[in-house]
file data_37.txt (compact mmCIF, C-alpha atoms)
# COMPACT_ATOMS: atom_id res chain seq x y z
CA MET E 1 390.29 7.77 226.89
CA SER E 2 388.83 8.04 230.36
CA HIS E 3 388.28 4.93 232.41
CA ASP E 4 384.56 5.72 232.62
CA ARG E 5 384.12 5.76 228.86
CA LEU E 6 385.85 2.45 228.25
CA PRO E 7 382.69 0.26 228.62
CA VAL E 8 380.84 2.39 226.08
CA VAL E 9 383.76 2.25 223.66
CA ILE E 10 383.81 -1.54 224.02
CA ALA E 11 380.04 -1.66 223.41
CA ALA E 12 380.45 0.43 220.26
CA ALA E 13 383.28 -1.79 218.99
CA ALA E 14 381.27 -4.94 219.72
CA GLY E 15 378.36 -3.39 217.86
CA VAL E 16 380.43 -2.67 214.77
CA ALA E 17 381.94 -6.17 214.78
CA GLY E 18 378.54 -7.82 215.28
CA LEU E 19 377.03 -5.67 212.56
CA ALA E 20 379.74 -6.74 210.12
CA ILE E 21 379.24 -10.45 210.86
CA SER E 22 375.45 -10.21 210.69
CA ILE E 23 375.64 -8.40 207.34
CA TYR E 24 378.01 -11.10 206.04
CA LEU E 25 375.64 -13.90 207.09
CA THR E 26 372.68 -12.06 205.55
CA VAL E 27 374.53 -11.54 202.27
CA VAL E 28 375.48 -15.23 202.19
CA HIS E 29 371.83 -16.14 202.78
CA TYR E 30 370.59 -14.11 199.83
CA SER E 31 373.47 -14.64 197.42
CA ALA E 32 375.71 -17.32 195.97
CA LEU E 33 378.67 -16.36 198.16
CA PRO E 34 380.24 -19.39 199.86
CA LEU E 35 380.03 -19.54 203.65
CA VAL E 36 383.47 -19.61 205.22
CA CYS E 37 383.22 -22.12 208.05
CA SER E 38 384.93 -25.32 209.04
CA THR E 39 382.81 -28.42 209.49
CA THR E 40 383.44 -30.93 212.26
CA ALA E 41 381.06 -33.12 214.20
CA ALA E 42 379.84 -30.35 216.47
CA VAL E 43 380.66 -27.25 214.43
CA ASP E 44 378.65 -27.01 211.24
CA CYS E 45 377.58 -23.55 210.11
CA GLY E 46 375.93 -25.00 207.00
CA ARG E 47 373.67 -27.24 209.06
CA VAL E 48 372.65 -24.46 211.43
CA LEU E 49 372.19 -21.81 208.76
CA SER E 50 370.22 -24.09 206.45
CA SER E 51 367.91 -25.27 209.23
CA GLY E 52 364.41 -23.99 209.72
CA TYR E 53 365.65 -21.91 212.64
CA ALA E 54 367.86 -19.85 210.33
CA VAL E 55 364.85 -17.78 209.35
CA ILE E 56 362.50 -15.84 211.59
CA ALA E 57 359.49 -18.07 212.25
CA GLY E 58 356.76 -17.68 209.67
CA THR E 59 358.86 -15.54 207.36
CA GLY E 60 361.67 -16.01 204.88
CA VAL E 61 363.73 -13.37 206.67
CA PRO E 62 367.06 -14.73 207.87
CA THR E 63 367.72 -14.58 211.60
CA SER E 64 370.94 -12.75 210.79
CA MET E 65 368.79 -9.84 209.63
CA ALA E 66 367.52 -9.52 213.19
CA GLY E 67 371.19 -9.43 214.19
CA VAL E 68 371.80 -6.56 211.77
CA ALA E 69 368.95 -4.60 213.33
CA TRP E 70 369.99 -5.37 216.91
CA PHE E 71 373.65 -4.42 216.42
CA ALA E 72 372.70 -1.29 214.47
CA VAL E 73 370.57 -0.08 217.37
CA SER E 74 373.20 -1.10 219.94
CA THR E 75 375.96 0.73 218.05
CA THR E 76 373.78 3.82 217.77
CA LEU E 77 373.07 3.76 221.50
CA ALA E 78 376.75 3.33 222.32
CA THR E 79 377.71 6.19 220.01
CA ALA E 80 375.08 8.40 221.61
CA GLN E 81 376.50 7.58 225.03
CA LEU E 82 379.96 8.55 223.86
CA ALA E 83 378.51 11.98 223.10
CA ARG E 84 376.51 12.10 226.35
CA PRO E 85 378.47 9.85 228.73
CA SER E 86 376.51 10.87 231.83
CA SER E 87 373.05 10.16 230.43
CA GLN E 88 371.34 7.68 232.71
CA ASN E 89 368.38 7.35 230.34
CA LEU E 90 370.58 6.22 227.47
CA ALA E 91 372.38 3.81 229.77
CA HIS E 92 369.08 2.39 230.97
CA ILE E 93 367.68 1.98 227.43
CA HIS E 94 370.90 0.31 226.30
CA LEU E 95 370.76 -2.08 229.24
CA VAL E 96 367.18 -3.09 228.41
CA TRP E 97 368.14 -3.51 224.74
CA SER E 98 371.16 -5.61 225.70
CA GLY E 99 369.00 -7.73 228.00
CA LEU E 100 366.61 -8.46 225.14
CA GLY E 101 369.57 -9.39 222.96
CA LEU E 102 371.01 -11.67 225.62
CA ALA E 103 367.64 -13.42 226.11
CA THR E 104 367.42 -14.02 222.35
CA VAL E 105 370.97 -15.34 222.31
CA LEU E 106 370.15 -17.81 225.08
CA TYR E 107 367.19 -19.08 223.03
CA LEU E 108 369.37 -19.44 219.92
CA VAL E 109 372.05 -21.29 221.89
CA PHE E 110 369.29 -23.60 223.15
CA VAL E 111 368.23 -24.23 219.55
CA GLU E 112 371.80 -24.93 218.45
CA ILE E 113 372.65 -27.31 221.27
CA VAL E 114 369.34 -29.03 222.03
CA GLN E 115 367.40 -28.90 218.77
CA LEU E 116 370.13 -29.04 216.15
CA GLY E 117 373.09 -30.51 218.00
CA ALA E 118 375.41 -28.28 216.01
CA ILE E 119 377.18 -25.00 216.58
CA CYS E 120 377.67 -22.28 214.01
CA ILE E 121 380.97 -20.60 214.77
CA TRP E 122 379.91 -17.27 213.24
CA CYS E 123 376.75 -17.35 215.35
CA THR E 124 378.81 -18.11 218.45
CA VAL E 125 381.04 -15.09 217.85
CA VAL E 126 377.92 -12.96 217.50
CA HIS E 127 376.50 -14.43 220.71
CA ILE E 128 379.70 -13.60 222.58
CA LEU E 129 379.58 -10.04 221.25
CA VAL E 130 376.03 -9.68 222.58
CA LEU E 131 377.12 -11.02 225.97
CA VAL E 132 380.09 -8.63 226.06
CA THR E 133 377.79 -5.75 225.15
CA PHE E 134 375.42 -6.66 227.96
CA LEU E 135 378.25 -6.83 230.49
CA VAL E 136 379.90 -3.54 229.59
CA VAL E 137 376.57 -1.75 229.36
CA TRP E 138 375.73 -3.08 232.81
CA ILE E 139 379.06 -1.84 234.19
CA HIS E 140 378.59 1.58 232.59
CA ARG E 141 375.09 1.95 234.01
CA SER E 142 376.23 0.80 237.46
CA ARG E 143 378.94 3.48 237.51
CA LEU E 144 376.44 6.15 236.56
CA THR E 145 373.96 5.19 239.24
CA MET E 146 376.50 4.93 242.07
CA MET L 1 415.68 2.31 283.15
CA ALA L 2 419.05 4.08 282.94
CA GLY L 3 419.55 6.31 279.91
CA HIS L 4 415.98 6.02 278.77
CA THR L 5 414.17 9.27 278.50
CA PRO L 6 410.50 8.79 278.25
CA ARG L 7 409.00 10.45 275.16
CA PRO L 8 406.41 13.03 275.91
CA ARG L 9 402.98 11.80 275.09
CA ARG L 10 401.89 13.03 271.62
CA PRO L 11 398.98 15.33 271.92
CA ALA L 12 395.83 13.97 270.39
CA THR L 13 395.35 15.49 266.96
CA LYS L 14 392.09 16.36 265.26
CA ARG L 15 392.68 13.53 262.76
CA ALA L 16 393.22 11.01 265.49
CA ARG L 17 390.05 11.99 267.22
CA LYS L 18 388.12 11.33 264.00
CA GLN L 19 388.73 7.58 264.01
CA PRO L 20 385.62 5.75 262.72
CA VAL L 21 383.58 4.22 265.42
CA ARG L 22 382.82 1.14 263.31
CA LYS L 23 384.32 -0.69 260.38
CA PRO L 24 383.15 0.83 257.08
CA ILE L 25 380.88 -1.32 254.92
CA SER L 26 382.77 -2.37 251.80
CA ARG L 27 381.02 -1.75 248.47
CA THR L 28 380.12 -4.68 246.26
CA PRO L 29 383.01 -5.09 243.81
CA GLU L 30 382.24 -3.89 240.31
CA TRP L 31 383.29 -7.17 238.75
CA LEU L 32 380.98 -9.32 240.85
CA ALA L 33 377.76 -8.84 238.86
CA PRO L 34 379.33 -9.39 235.41
CA VAL L 35 381.06 -12.51 236.68
CA GLY L 36 377.71 -13.68 238.03
CA VAL L 37 376.09 -13.14 234.63
CA VAL L 38 378.85 -15.06 232.85
CA ALA L 39 378.56 -17.87 235.39
CA GLY L 40 374.79 -17.95 234.87
CA VAL L 41 375.17 -18.14 231.10
CA ALA L 42 377.75 -20.91 231.46
CA LEU L 43 375.40 -22.79 233.78
CA LEU L 44 372.55 -22.50 231.27
CA VAL L 45 374.77 -23.80 228.46
CA GLY L 46 375.67 -26.71 230.72
CA VAL L 47 371.97 -27.40 231.32
CA PHE L 48 371.35 -27.32 227.55
CA LEU L 49 374.12 -29.87 227.04
CA VAL L 50 372.62 -32.12 229.70
CA ILE L 51 369.15 -31.83 228.11
CA ARG L 52 370.70 -32.70 224.78
CA TYR L 53 372.43 -35.74 226.25
CA MET L 54 369.30 -36.91 228.09
CA ASN L 55 367.11 -36.56 225.00
CA THR L 56 369.39 -38.42 222.64
CA PRO L 57 367.37 -41.52 221.77
CA ALA L 58 368.88 -44.94 221.51
CA PRO L 59 369.14 -46.22 217.96
CA PRO L 60 366.20 -48.31 216.82
CA ARG L 61 366.84 -52.01 216.46
CA ALA L 62 368.25 -52.78 213.03
CA ILE L 63 365.90 -54.53 210.64
CA ASP L 64 366.74 -57.25 208.16
CA SER L 65 366.35 -57.02 204.41
CA THR L 66 362.98 -58.80 204.45
CA SER L 67 361.52 -56.29 206.87
CA THR L 68 363.13 -53.46 204.90
CA THR L 69 361.43 -54.68 201.74
CA ALA L 70 358.11 -54.88 203.58
CA VAL L 71 358.42 -51.33 204.92
CA VAL L 72 359.44 -49.95 201.51
CA ALA L 73 356.51 -51.78 199.93
CA ALA L 74 354.16 -50.30 202.51
CA ILE L 75 355.25 -46.70 202.09
CA THR L 76 355.38 -46.85 198.29
CA SER L 77 351.89 -48.26 197.99
CA LEU L 78 350.06 -45.65 200.05
CA PRO L 79 346.77 -44.76 198.37
CA ALA L 80 346.92 -41.61 196.25
CA SER L 81 343.78 -40.42 198.02
CA GLU L 82 345.72 -40.25 201.29
CA LEU L 83 348.46 -38.18 199.68
CA ASP L 84 345.74 -35.94 198.26
CA GLN L 85 344.17 -35.60 201.68
CA VAL L 86 347.45 -34.49 203.27
CA GLY L 87 348.36 -32.02 200.52
CA LEU L 88 351.31 -29.95 201.69
CA GLY L 89 350.62 -31.04 205.26
CA SER L 90 353.19 -29.49 207.56
CA ALA L 91 355.96 -29.44 204.96
CA THR L 92 357.75 -26.21 204.20
CA ASN L 93 358.62 -25.37 200.63
CA PRO L 94 362.31 -24.68 200.07
CA ILE L 95 362.11 -25.52 196.34
CA LYS L 96 363.37 -22.68 194.17
CA ARG L 97 363.10 -22.18 190.43
CA ILE L 98 366.56 -22.13 188.91
CA SER L 99 367.64 -20.93 185.52
CA GLY L 100 369.49 -23.80 183.94
CA SER L 101 368.97 -25.65 180.69
CA LEU L 102 367.06 -28.88 181.20
CA LEU L 103 369.43 -31.54 182.50
CA THR L 104 368.88 -34.91 180.81
CA ASP L 105 370.74 -38.18 180.67
CA SER L 106 372.02 -39.87 177.51
CA THR L 107 368.55 -41.26 176.80
CA GLY L 108 366.91 -37.87 177.08
CA LYS L 109 365.23 -38.47 180.41
CA PRO L 110 365.31 -35.54 182.85
CA VAL L 111 367.76 -36.06 185.70
CA VAL L 112 366.83 -35.73 189.36
CA PHE L 113 370.08 -35.38 191.26
CA TYR L 114 370.31 -35.92 195.01
CA LEU L 115 373.35 -35.28 197.18
CA GLY L 116 373.29 -36.26 200.83
CA ALA L 117 375.07 -38.32 203.42
CA GLU L 118 374.08 -41.16 205.69
CA PHE L 119 375.11 -39.30 208.86
CA CYS L 120 372.88 -36.35 207.99
CA PRO L 121 369.55 -36.29 209.91
CA PHE L 122 367.86 -33.92 207.48
CA CYS L 123 368.81 -36.27 204.63
CA ALA L 124 367.42 -39.14 206.71
CA PHE L 125 364.12 -37.37 207.02
CA GLU L 126 364.06 -36.23 203.39
CA ARG L 127 364.64 -39.71 201.96
CA TRP L 128 361.25 -40.89 203.26
CA GLY L 129 359.44 -38.28 201.18
CA MET L 130 361.74 -38.78 198.20
CA ILE L 131 361.18 -42.53 198.12
CA ILE L 132 357.42 -42.08 198.30
CA ALA L 133 357.41 -39.34 195.67
CA LEU L 134 359.79 -40.91 193.17
CA SER L 135 358.04 -44.26 193.50
CA ARG L 136 355.12 -42.59 191.73
CA PHE L 137 357.42 -42.29 188.68
CA GLY L 138 359.34 -45.57 188.90
CA THR L 139 360.56 -48.37 191.13
CA PHE L 140 363.31 -48.50 193.73
CA SER L 141 365.31 -51.58 194.51
CA GLY L 142 368.27 -52.11 196.79
CA LEU L 143 367.21 -49.63 199.45
CA GLN L 144 368.85 -50.46 202.78
CA ALA L 145 367.63 -49.41 206.21
CA THR L 146 370.02 -47.27 208.22
CA THR L 147 370.01 -44.44 210.75
CA SER L 148 371.59 -41.03 210.80
CA SER L 149 374.63 -40.36 212.97
CA ALA L 150 374.39 -41.12 216.67
CA THR L 151 376.27 -37.90 217.47
CA ASP L 152 374.61 -35.44 215.10
CA ALA L 153 371.40 -33.46 215.41
CA TYR L 154 368.31 -35.66 215.69
CA PRO L 155 370.55 -38.66 216.32
CA ASN L 156 369.75 -42.12 215.02
CA THR L 157 366.89 -40.97 212.79
CA PRO L 158 365.62 -44.09 210.99
CA THR L 159 365.84 -43.93 207.21
CA PHE L 160 367.00 -45.74 204.08
CA THR L 161 370.19 -45.13 202.18
CA PHE L 162 370.45 -44.60 198.43
CA ARG L 163 374.03 -45.98 198.59
CA ASN L 164 373.32 -49.19 196.64
CA ALA L 165 369.83 -48.36 195.46
CA THR L 166 368.76 -48.45 191.84
CA PHE L 167 365.78 -46.68 190.38
CA THR L 168 364.08 -47.62 187.14
CA SER L 169 361.64 -45.26 185.48
CA HIS L 170 360.20 -44.39 182.09
CA TYR L 171 360.10 -40.72 183.07
CA ILE L 172 363.20 -39.68 184.99
CA ASP L 173 366.78 -40.68 185.73
CA PHE L 174 367.37 -40.50 189.48
CA GLN L 175 371.06 -40.00 190.33
CA PRO L 176 371.73 -40.18 194.08
CA ILE L 177 375.07 -39.62 195.77
CA GLU L 178 375.69 -40.43 199.43
CA THR L 179 378.98 -38.75 200.25
CA SER L 180 379.58 -40.35 203.68
CA ASP L 181 378.38 -43.20 205.82
CA ARG L 182 376.73 -42.61 209.19
CA ASN L 183 380.12 -42.31 210.86
CA GLY L 184 381.35 -39.71 208.43
CA SER L 185 383.62 -41.95 206.40
CA PRO L 186 383.69 -41.14 202.66
CA LEU L 187 381.40 -43.18 200.40
CA GLN L 188 380.60 -41.76 196.99
CA SER L 189 381.77 -38.69 195.10
CA PRO L 190 379.82 -36.60 192.61
CA THR L 191 380.94 -36.65 188.99
CA ALA L 192 382.50 -33.55 187.47
CA ALA L 193 379.14 -32.61 185.95
CA GLN L 194 377.37 -33.07 189.28
CA GLN L 195 380.08 -31.08 191.02
CA ALA L 196 379.45 -28.26 188.58
CA LEU L 197 375.79 -28.30 189.61
CA LEU L 198 376.75 -28.14 193.26
CA SER L 199 379.16 -25.27 192.68
CA ARG L 200 376.41 -23.34 190.96
CA TYR L 201 373.34 -24.13 193.01
CA ASP L 202 374.54 -25.39 196.41
CA THR L 203 376.94 -22.64 197.31
CA SER L 204 376.51 -23.09 201.06
CA ASP L 205 377.45 -26.80 200.81
CA ALA L 206 374.24 -27.70 202.61
CA ILE L 207 372.79 -31.18 202.37
CA PRO L 208 370.53 -32.65 201.31
CA PHE L 209 370.67 -30.96 197.92
CA VAL L 210 368.20 -31.97 195.22
CA ASP L 211 368.27 -30.70 191.65
CA PHE L 212 365.24 -31.35 189.46
CA GLY L 213 366.71 -31.30 185.95
CA ASN L 214 368.18 -27.83 186.50
CA GLN L 215 364.68 -26.40 186.64
CA TYR L 216 364.10 -26.53 190.38
CA ALA L 217 366.37 -27.21 193.34
CA PHE L 218 366.36 -27.18 197.10
CA THR L 219 368.79 -27.57 199.96
CA GLY L 220 367.93 -28.68 203.46
CA ALA L 221 364.86 -30.62 204.42
CA THR L 222 361.28 -29.83 203.48
CA TYR L 223 360.35 -30.08 207.15
CA THR L 224 362.04 -28.27 210.01
CA ASN L 225 361.80 -30.88 212.73
CA PRO L 226 363.07 -34.34 211.80
CA GLY L 227 362.78 -35.03 215.54
CA ILE L 228 359.25 -36.32 214.93
CA LEU L 229 360.91 -39.59 213.93
CA ASP L 230 362.92 -39.83 217.17
CA GLY L 231 362.66 -43.18 218.86
CA MET L 232 360.46 -44.70 216.15
CA SER L 233 361.23 -47.88 214.24
CA TRP L 234 360.87 -48.11 210.46
CA SER L 235 357.69 -50.16 210.88
CA GLN L 236 356.20 -47.62 213.29
CA ILE L 237 356.91 -44.81 210.85
CA ALA L 238 355.35 -46.81 208.02
CA ALA L 239 352.28 -47.40 210.20
CA ALA L 240 352.10 -43.69 211.08
CA LEU L 241 352.21 -42.80 207.39
CA GLU L 242 349.01 -44.76 206.90
CA GLN L 243 347.29 -42.30 209.25
CA PRO L 244 346.87 -39.04 207.32
CA GLY L 245 346.43 -37.03 210.49
CA SER L 246 349.65 -38.19 212.14
CA ALA L 247 352.51 -35.73 212.52
CA GLN L 248 354.71 -38.06 210.49
CA ALA L 249 352.24 -38.28 207.60
CA MET L 250 351.64 -34.54 207.60
CA ALA L 251 355.38 -33.90 207.31
CA ILE L 252 356.56 -36.76 205.11
CA LEU L 253 353.59 -37.02 202.75
CA GLY L 254 353.51 -33.23 202.46
CA SER L 255 357.17 -33.40 201.49
CA ALA L 256 356.41 -36.22 199.03
CA ASN L 257 353.73 -34.13 197.34
CA LEU L 258 356.14 -31.22 196.97
CA ILE L 259 358.76 -33.45 195.36
CA THR L 260 356.10 -35.05 193.16
CA ALA L 261 354.98 -31.63 191.92
CA ALA L 262 358.54 -30.55 191.09
CA THR L 263 359.14 -33.84 189.26
CA CYS L 264 355.91 -33.48 187.26
CA GLN L 265 357.30 -30.21 185.92
CA LEU L 266 360.15 -32.21 184.38
CA THR L 267 358.18 -35.05 182.91
CA GLY L 268 355.68 -33.07 180.90
CA GLN L 269 353.02 -33.91 183.49
CA GLN L 270 353.56 -37.64 183.07
CA PRO L 271 352.29 -39.99 184.31
CA ALA L 272 348.94 -38.27 184.11
CA SER L 273 347.56 -40.49 186.86
CA VAL L 274 349.94 -38.71 189.23
CA CYS L 275 350.53 -35.27 187.76
CA SER L 276 346.96 -34.45 186.88
CA ARG L 277 345.75 -34.84 190.45
CA ALA L 278 344.30 -31.61 191.71
CA ILE L 279 346.59 -31.32 194.71
CA ILE L 280 349.72 -31.81 192.59
CA GLN L 281 348.48 -29.24 190.10
CA ALA L 282 347.83 -26.84 192.97
CA ILE L 283 351.33 -27.31 194.36
CA GLU L 284 352.89 -26.96 190.91
CA ALA L 285 351.17 -23.62 190.57
CA LYS L 286 353.03 -22.46 193.70
CA LEU L 287 356.49 -23.59 192.58

call {"tool": "encode", "arguments": {"input": "data_37.txt", "output": "structure tokens"}}
result
Amino acid sequence: MSHDRLPVVIAAAAGVAGLAISIYLTVVHYSALPLVCSTTAAVDCGRVLSSGYAVIAGTGVPTSMAGVAWFAVSTTLATAQLARPSSQNLAHIHLVWSGLGLATVLYLVFVEIVQLGAICIWCTVVHILVLVTFLVVWIHRSRLTM
Amino acid sequence: MAGHTPRPRRPATKRARKQPVRKPISRTPEWLAPVGVVAGVALLVGVFLVIRYMNTPAPPRAIDSTSTTAVVAAITSLPASELDQVGLGSATNPIKRISGSLLTDSTGKPVVFYLGAEFCPFCAFERWGMIIALSRFGTFSGLQATTSSATDAYPNTPTFTFRNATFTSHYIDFQPIETSDRNGSPLQSPTAAQQALLSRYDTSDAIPFVDFGNQYAFTGATYTNPGILDGMSWSQIAAALEQPGSAQAMAILGSANLITAATCQLTGQQPASVCSRAIIQAIEAKL
């Protein structure tokens, strides 16, 4: 694997991992599957995922569904860049998409810390994957534009 | 110097003549921007933690049993017309129809089962609506004032605990379980039958969990922002509930109407003075 393709490969891997977690959280929301998560004072997935913020405002759609959509698009963009590694357009679109994801993550972290006072460990892993995606996409685009 | 032969001067090469005339400008390192982003995110998280700390209200002053009785009396004697006026208010409806056989106690009365914990802020909020709603079907005694955890979400939310409460009713058997005190220490445990309910209908282990005779159930609170009770005393909340337009009344009385409607489904629409009210009928139609 060439050094230049590594950021895109990482973005694709983060996309697949985030997609898997988001699908798991969505399935748990709609089914009777138990949520695997430890509960301490600050970490409580149940509290976060049963709060009003666990669904997209004004709908019954779980927020994790938005995660499924975001990671699906991000993985698709990363895969497309693996096929066309020198495409500046793809890199630019992916950077904008990652920026939107990171902004959403910051809002959700605000909700967890300030509004709910609890952290969902699954959500945190997803948030880190979005941050990693943003960083590697940024690096990839910077290399292309140099 | 003896024996020292001076070296001939090396002729200037082409390479040597091409020495840069100024120091080259170094490129910004590739890692600098990503590190900056990570630092920015970390800073924001730190700011969030500070906001959280700054906005954590002090616990309201504890009230004695006489004041507790007065507050409970006030909120359980609100005029039905006010509850009608609020309707669903700002409450959300998490109540779901479930497919169980009607759960009754040994006397044949439908069971309303509640599972919560004293530390839990959503339980703290939900108890206000539950007390108001269930008091339309019976009478509480032994309710004690308490607050949710000081270190949880919506810290120190004023509420009452069902820990030592009793409920007498001709229509339903209310079975509350408070699993932990406000510090997280264990209090009460569900029976095997109640545990079976939880395993079936509360698979995410969320609290509060309320089962209406195995016909309806919900987890979580019927209002998304228990923070509307932040910094208020029990008496202030009781006073706010007498104002139908207040945020507290819209949320708590809306929640009470939802719980009333679900309970009416169990009692064969009894008592008629409660269940036949137009707003309750309208909410029942949505369940």

call {"tool": "residues_near_point", "arguments": {"input": "data_37.txt", "point": "(364.1, -45.4, 213.5)", "cutoff": "6 Å", "atoms": "all atoms listed in the file", "output": "PyMOL selection string"}}
result
chain L and resi 60+157-158+231-234

call {"tool": "interface_residues", "arguments": {"input": "data_37.txt", "of": "chain L", "to": "chain E", "cutoff": "9 Å", "atoms": "only C-alpha atoms", "output": "compact mmCIF listing (two decimals) with C-alpha atoms, keeping the file's coordinate frame"}}
result
# COMPACT_ATOMS: atom_id res chain seq x y z
CA GLU L 30 382.24 -3.89 240.31
CA TRP L 31 383.29 -7.17 238.75
CA ALA L 33 377.76 -8.84 238.86
CA PRO L 34 379.33 -9.39 235.41
CA VAL L 35 381.06 -12.51 236.68
CA VAL L 37 376.09 -13.14 234.63
CA VAL L 38 378.85 -15.06 232.85
CA VAL L 41 375.17 -18.14 231.10
CA LEU L 44 372.55 -22.50 231.27
CA VAL L 45 374.77 -23.80 228.46
CA PHE L 48 371.35 -27.32 227.55
CA LEU L 49 374.12 -29.87 227.04
CA VAL L 50 372.62 -32.12 229.70
CA ILE L 51 369.15 -31.83 228.11
CA ARG L 52 370.70 -32.70 224.78
CA TYR L 53 372.43 -35.74 226.25
CA ASN L 55 367.11 -36.56 225.00
CA THR L 92 357.75 -26.21 204.20
CA PHE L 122 367.86 -33.92 207.48
CA THR L 151 376.27 -37.90 217.47
CA ASP L 152 374.61 -35.44 215.10
CA ALA L 153 371.40 -33.46 215.41
CA TYR L 154 368.31 -35.66 215.69
CA PRO L 155 370.55 -38.66 216.32
CA GLY L 184 381.35 -39.71 208.43
CA ARG L 200 376.41 -23.34 190.96
CA TYR L 201 373.34 -24.13 193.01
CA ASP L 202 374.54 -25.39 196.41
CA THR L 203 376.94 -22.64 197.31
CA SER L 204 376.51 -23.09 201.06
CA ASP L 205 377.45 -26.80 200.81
CA ALA L 206 374.24 -27.70 202.61
CA ILE L 207 372.79 -31.18 202.37
CA THR L 219 368.79 -27.57 199.96
CA GLY L 220 367.93 -28.68 203.46
CA ALA L 221 364.86 -30.62 204.42
CA TYR L 223 360.35 -30.08 207.15
CA THR L 224 362.04 -28.27 210.01
CA ASN L 225 361.80 -30.88 212.73
CA GLY L 227 362.78 -35.03 215.54

call {"tool": "atom_distance", "arguments": {"input": "data_37.txt", "atom1": "CA of Leu287 (chain L)", "atom2": "CA of Leu266 (chain L)"}}
result
12.4 Å

call {"tool": "atom_distance", "arguments": {"input": "data_37.txt", "atom1": "CA of Ile252 (chain L)", "atom2": "CA of Glu126 (chain L)"}}
result
7.7 Å

call {"tool": "residues_around", "arguments": {"input": "data_37.txt", "residues": "Arg141 (chain E)", "least_positions_apart": "2", "cutoff": "10 Å", "atoms": "only C-alpha atoms", "output": "compact mmCIF listing (two decimals) with C-alpha atoms, in the coordinates of the input"}}
result
# COMPACT_ATOMS: atom_id res chain seq x y z
CA PRO E 7 382.69 0.26 228.62
CA VAL E 8 380.84 2.39 226.08
CA SER E 86 376.51 10.87 231.83
CA SER E 87 373.05 10.16 230.43
CA GLN E 88 371.34 7.68 232.71
CA ASN E 89 368.38 7.35 230.34
CA LEU E 90 370.58 6.22 227.47
CA ALA E 91 372.38 3.81 229.77
CA HIS E 92 369.08 2.39 230.97
CA ILE E 93 367.68 1.98 227.43
CA HIS E 94 370.90 0.31 226.30
CA LEU E 95 370.76 -2.08 229.24
CA LEU E 135 378.25 -6.83 230.49
CA VAL E 136 379.90 -3.54 229.59
CA VAL E 137 376.57 -1.75 229.36
CA TRP E 138 375.73 -3.08 232.81
CA ILE E 139 379.06 -1.84 234.19
CA ARG E 143 378.94 3.48 237.51
CA LEU E 144 376.44 6.15 236.56
CA THR E 145 373.96 5.19 239.24
CA MET E 146 376.50 4.93 242.07

call {"tool": "atom_distance", "arguments": {"input": "data_37.txt", "atom1": "CA of Thr168 (chain L)", "atom2": "CA of Phe140 (chain L)"}}
result
6.7 Å

call {"tool": "closest_residue", "arguments": {"input": "data_37.txt", "among": "L:Met54, L:Leu88, L:Leu134, L:Val112", "to": "Ile75 (chain L)", "atoms": "all atoms listed in the file"}}
result
L:Leu134

call {"tool": "residues_around", "arguments": {"input": "data_37.txt", "residues": "Ile56 (chain E)", "least_positions_apart": "5", "cutoff": "12 Å", "atoms": "only C-alpha atoms", "output": "list in words"}}
result
Leu49, Ser51, Val61, Pro62, Thr63, Ser64, Met65, Ala66, Gly67, Thr104 and Leu108 of chain E

call {"tool": "residues_around", "arguments": {"input": "data_37.txt", "residues": "Thr76 (chain E)", "least_positions_apart": "5", "cutoff": "9 Å", "atoms": "all atoms listed in the file", "output": "list in words"}}
result
Ala12, Gly15, Phe71 and Gln81 of chain E

call {"tool": "write_last_selection", "arguments": {"input": "data_37.txt", "atoms": "C-alpha atoms", "output": "PDB file, in the coordinates of the input"}}
result
ATOM      1  CA  ALA E  12     380.450   0.430 220.260  1.00  0.00           C
ATOM      2  CA  GLY E  15     378.360  -3.390 217.860  1.00  0.00           C
ATOM      3  CA  PHE E  71     373.650  -4.420 216.420  1.00  0.00           C
ATOM      4  CA  GLN E  81     376.500   7.580 225.030  1.00  0.00           C
TER       5      GLN E  81
END

call {"tool": "closest_residue", "arguments": {"input": "data_37.txt", "among": "E:Trp97, E:His127, E:Pro85, E:Val68", "to": "Asp4 (chain E)", "atoms": "only C-alpha atoms"}}
result
E:Pro85

call {"tool": "closest_residue", "arguments": {"input": "data_37.txt", "among": "L:Ala165, L:Ala91, L:Gly46, L:Ala62", "to": "Thr147 (chain L)", "atoms": "only C-alpha atoms"}}
result
L:Ala62

call {"tool": "closest_residue", "arguments": {"input": "data_37.txt", "among": "E:Ile121, E:Leu6, E:Ser98, E:Val73", "to": "Leu19 (chain E)", "atoms": "all atoms listed in the file"}}
result
E:Val73

call {"tool": "closest_residue", "arguments": {"input": "data_37.txt", "among": "L:Ile172, L:Ile177, L:Val210, L:Ala247", "to": "Ser106 (chain L)", "atoms": "all atoms listed in the file"}}
result
L:Ile172

call {"tool": "closest_residue", "arguments": {"input": "data_37.txt", "among": "E:Val125, E:Val130, E:Ile119, E:Ala80", "to": "Ala103 (chain E)", "atoms": "all atoms listed in the file"}}
result
E:Val130
